[in-house]
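Visitor: What follows is upload_11.cif, mmCIF, C-alpha atoms.
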data_entry
#
loop_
_atom_site.label_atom_id
_atom_site.label_comp_id
_atom_site.auth_asym_id
_atom_site.auth_seq_id
_atom_site.Cartn_x
_atom_site.Cartn_y
_atom_site.Cartn_z
CA MET A 196 -29.64 -38.93 0.76
CA THR A 197 -26.10 -40.25 1.14
CA ASP A 198 -22.93 -38.65 2.43
CA ASP A 199 -21.57 -38.32 -1.11
CA GLU A 200 -24.42 -36.06 -2.28
CA PRO A 201 -23.15 -32.80 -0.72
CA GLU A 202 -19.72 -33.41 -2.24
CA ALA A 203 -21.35 -34.21 -5.59
CA ASP A 204 -23.42 -31.01 -5.37
CA ASP A 205 -20.27 -29.01 -4.62
CA ALA A 206 -18.55 -30.52 -7.64
CA ILE A 207 -21.56 -29.69 -9.83
CA ILE A 208 -21.70 -26.14 -8.48
CA ALA A 209 -17.97 -25.66 -9.12
CA ALA A 210 -18.25 -27.02 -12.66
CA VAL A 211 -21.32 -24.92 -13.51
CA SER A 212 -19.72 -21.84 -11.99
CA ASP A 213 -16.61 -22.32 -14.10
CA TYR A 214 -18.87 -22.88 -17.11
CA LEU A 215 -20.70 -19.61 -16.50
CA ASP A 216 -17.39 -17.78 -15.94
CA ASN A 217 -16.04 -19.17 -19.25
CA THR A 218 -12.96 -20.60 -17.55
CA LEU A 219 -13.37 -24.20 -18.66
CA PRO A 220 -11.35 -25.71 -21.52
CA ALA A 221 -13.38 -26.49 -24.66
CA SER A 222 -13.62 -30.24 -24.01
CA GLU A 223 -14.88 -29.82 -20.43
CA ARG A 224 -17.19 -27.00 -21.51
CA ALA A 225 -18.89 -29.31 -24.02
CA ASN A 226 -19.18 -32.01 -21.35
CA VAL A 227 -20.81 -29.58 -18.89
CA GLU A 228 -23.22 -28.30 -21.58
CA ALA A 229 -24.30 -31.87 -22.30
CA LYS A 230 -24.85 -32.61 -18.60
CA ILE A 231 -26.91 -29.42 -18.19
CA LYS A 232 -29.17 -30.48 -21.08
CA ASP A 233 -29.52 -34.12 -20.01
CA ASP A 234 -29.36 -34.17 -16.19
CA ALA A 235 -32.15 -32.57 -14.13
CA GLU A 236 -29.84 -31.88 -11.16
CA TRP A 237 -27.28 -30.09 -13.34
CA LYS A 238 -30.10 -28.12 -15.03
CA ARG A 239 -31.57 -27.08 -11.66
CA ILE A 240 -28.20 -25.90 -10.33
CA HIS A 241 -27.46 -24.07 -13.60
CA ASP A 242 -30.83 -22.29 -13.55
CA GLU A 243 -30.39 -21.29 -9.90
CA MET A 244 -26.93 -19.88 -10.56
CA VAL A 245 -28.10 -17.94 -13.63
CA GLU A 246 -31.04 -16.54 -11.63
CA THR A 247 -28.73 -15.55 -8.76
CA ARG A 248 -26.27 -13.88 -11.13
CA ASN A 249 -29.08 -11.96 -12.84
CA PHE A 250 -30.41 -10.84 -9.48
CA LEU A 251 -26.98 -9.70 -8.26
CA SER A 252 -26.17 -7.90 -11.49
CA GLY A 253 -29.45 -5.98 -11.24
CA MET A 254 -28.62 -4.60 -7.82
CA GLN A 255 -27.14 -1.15 -7.65
CA LYS A 256 -23.91 -0.70 -5.81
CA ALA A 257 -24.22 1.35 -2.65
CA ARG A 258 -21.87 4.30 -2.73
CA ALA A 259 -20.63 6.30 0.21
CA PRO A 260 -21.55 9.98 0.26
CA SER A 261 -18.88 12.41 -0.90
CA SER A 262 -18.38 13.79 2.61
CA PHE A 263 -18.00 10.33 4.19
CA ALA A 264 -14.25 10.60 4.90
CA ASN A 265 -14.61 14.03 6.48
CA ASP A 266 -17.59 12.89 8.56
CA VAL A 267 -15.69 9.86 9.87
CA THR A 268 -12.62 11.97 10.66
CA GLN A 269 -14.75 14.52 12.50
CA THR A 270 -16.53 11.79 14.47
CA ILE A 271 -13.24 10.18 15.53
CA HIS A 272 -11.85 13.59 16.48
CA THR A 273 -14.92 14.37 18.57
CA ARG A 274 -15.07 11.00 20.33
CA SER A 275 -11.34 10.73 21.00
CA ALA A 276 -11.13 14.27 22.39
CA GLY A 277 -8.29 15.02 19.98
CA ARG A 278 -6.01 12.14 20.96
CA PHE A 279 -5.79 10.79 17.39
CA PHE A 280 -5.85 14.12 15.61
CA ALA A 281 -3.84 16.38 17.88
CA ARG A 282 -2.18 19.56 16.68
CA ARG A 283 0.36 18.87 14.02
CA THR A 284 3.98 19.53 14.86
CA PHE A 285 6.46 21.45 12.73
CA GLY A 286 7.87 18.21 11.30
CA ASP A 287 4.39 17.11 10.22
CA ARG A 288 3.72 20.35 8.35
CA VAL A 289 7.08 20.79 6.57
CA PRO A 290 8.16 18.11 4.09
CA PHE A 291 11.27 16.06 4.90
CA GLY A 292 13.09 17.23 1.74
CA VAL A 293 12.80 20.87 2.80
CA LEU A 294 14.14 20.09 6.27
CA LEU A 295 17.04 18.17 4.72
CA ALA A 296 17.90 21.05 2.37
CA ILE A 297 17.86 23.55 5.24
CA ALA A 298 20.11 21.28 7.33
CA LEU A 299 22.62 20.92 4.46
CA VAL A 300 22.71 24.69 3.90
CA LEU A 301 23.32 25.24 7.61
CA LEU A 302 26.14 22.67 7.67
CA VAL A 303 27.81 24.29 4.66
CA ALA A 304 27.46 27.74 6.30
CA ILE A 305 29.04 26.47 9.52
CA GLY A 306 31.88 24.90 7.53
CA VAL A 307 32.54 28.17 5.67
CA VAL A 308 32.56 30.15 8.92
CA MET A 309 34.96 27.70 10.53
CA TRP A 310 37.20 27.68 7.45
CA SER A 311 37.40 31.46 7.26
CA SER A 312 37.76 32.06 10.99
CA SER A 313 40.92 33.67 12.34
CA THR A 314 41.75 30.54 14.32
CA GLY A 315 41.41 28.47 11.16
CA SER A 316 40.19 25.37 12.93
CA LEU A 317 39.52 23.63 9.62
CA ARG A 318 42.64 24.82 7.86
CA VAL A 319 45.92 22.96 7.71
CA HIS A 320 48.79 25.38 8.27
CA ARG A 321 52.00 24.67 6.41
CA ASP A 322 55.30 26.03 7.49
CA SER A 323 58.04 27.08 5.10
CA SER A 324 59.44 23.54 4.86
CA GLY A 325 56.08 22.27 3.45
CA SER A 326 55.16 20.08 6.38
CA ALA A 327 51.71 20.40 7.82
CA GLN A 328 51.21 21.82 11.26
CA GLY A 329 48.08 21.24 13.19
CA SER A 330 46.67 19.35 16.06
CA ALA A 331 47.58 15.98 14.56
CA ILE A 332 50.22 13.85 16.24
CA VAL A 333 53.51 14.12 14.36
CA ASP A 334 56.32 11.54 14.32
CA PRO A 335 59.30 12.81 16.41
CA GLN A 336 61.81 11.89 13.68
#
Mind turning this structure into structure tokens?
Guide:
Amino acid sequence: MTDDEPEADDAIIAAVSDYLDNTLPASERANVEAKIKDDAEWKRIHDEMVETRNFLSGMQKARAPSSFANDVTQTIHTRSAGRFFARRTFGDRVPFGVLLAIALVLLVAIGVVMWSSSTGSLRVHRDSSGSAQGSAIVDPQ
């Protein structure tokens, strides 16, 4: 056995795997088919890979039970003494869009109250000459 044999085996395995996956171009596919028929090493590797694929395809996939997520959550909650799943706060229970809508309504309500107040803090008062009076700094001209 030489040092080149493992690399040669890897190349054969890669070529046969691509052949079985149907990813080889037509010219290389024909070349690999010929080597599988003529060469004992290629035939052995091909047969092993086909046998392994047949075995794996015959296995049933293991599926988690339907209550798996709830069981895991309950186990974490029990073991962590509630540190990861503490009581939810108001912000966790109410969607962000609802909180944003409520905040906008409150801002508009505050603006209306300030606009209609007797002090008129949001209003610009105009005197008879048409100039604005307010808390803004006015040029002394």
Visitor: Would you compute the distance between atom CA of Ile207 of chain A and atom CA of Glu236 of chain A? Give it in Å to one decimal.
Guide: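 Between atom CA of Ile207 of chain A and atom CA of Glu236 of chain A the gap is 8.7 Å.
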Visitor: Around all of segment 250-264 of chain A's listed atoms, make the axis-aligned box with 6 Å on each side and tell me centre and edge lengths in Å to one decimal, as lines of an AutoDock Vina configuration file.
Guide:
center_x = -22.3
center_y = 1.5
center_z = -3.3
size_x = 28.2
size_y = 36.6
size_z = 28.4
Visitor: Measuring atom to atom with all atoms listed in the file, identify which of A:Ser212, A:Ser222, A:Thr284, A:Ser311 is nearest to Thr247 of chain A.
Guide: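 Closest to Thr247 of chain A, using all atoms listed in the file: A:Ser212.
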Visitor: Here's the selection I'm unsure about, the PyMOL selection byres ((chain A and resi 214) around 12); applied to the file above, which residues does it give, as a list of chain:residue names?
Guide: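 Answer for the PyMOL selection byres ((chain A and resi 214) around 12): A:Ile207, A:Ile208, A:Ala209, A:Ala210, A:Val211, A:Ser212, A:Asp213, A:Leu215, A:Asp216, A:Asn217, A:Thr218, A:Leu219, A:Pro220, A:Ala221, A:Ser222, A:Glu223, A:Arg224, A:Ala225, A:Asn226, A:Val227, A:Glu228, A:Ala229, A:Lys230, A:Ile231, A:Trp237, A:Ile240, A:His241, A:Met244, A:Val245.
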Visitor: What is the distance between atom CA of Ile271 of chain A and atom CA of Lys256 of chain A, in Å to one decimal?
Guide: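 Distance between the two atoms: 26.2 Å.
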Visitor: Rounded to one decimal in Å, what is the spacing between atom CA of Asp234 of chain A and atom CA of Phe250 of chain A?
Guide: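 Interatomic distance here is 24.3 Å.
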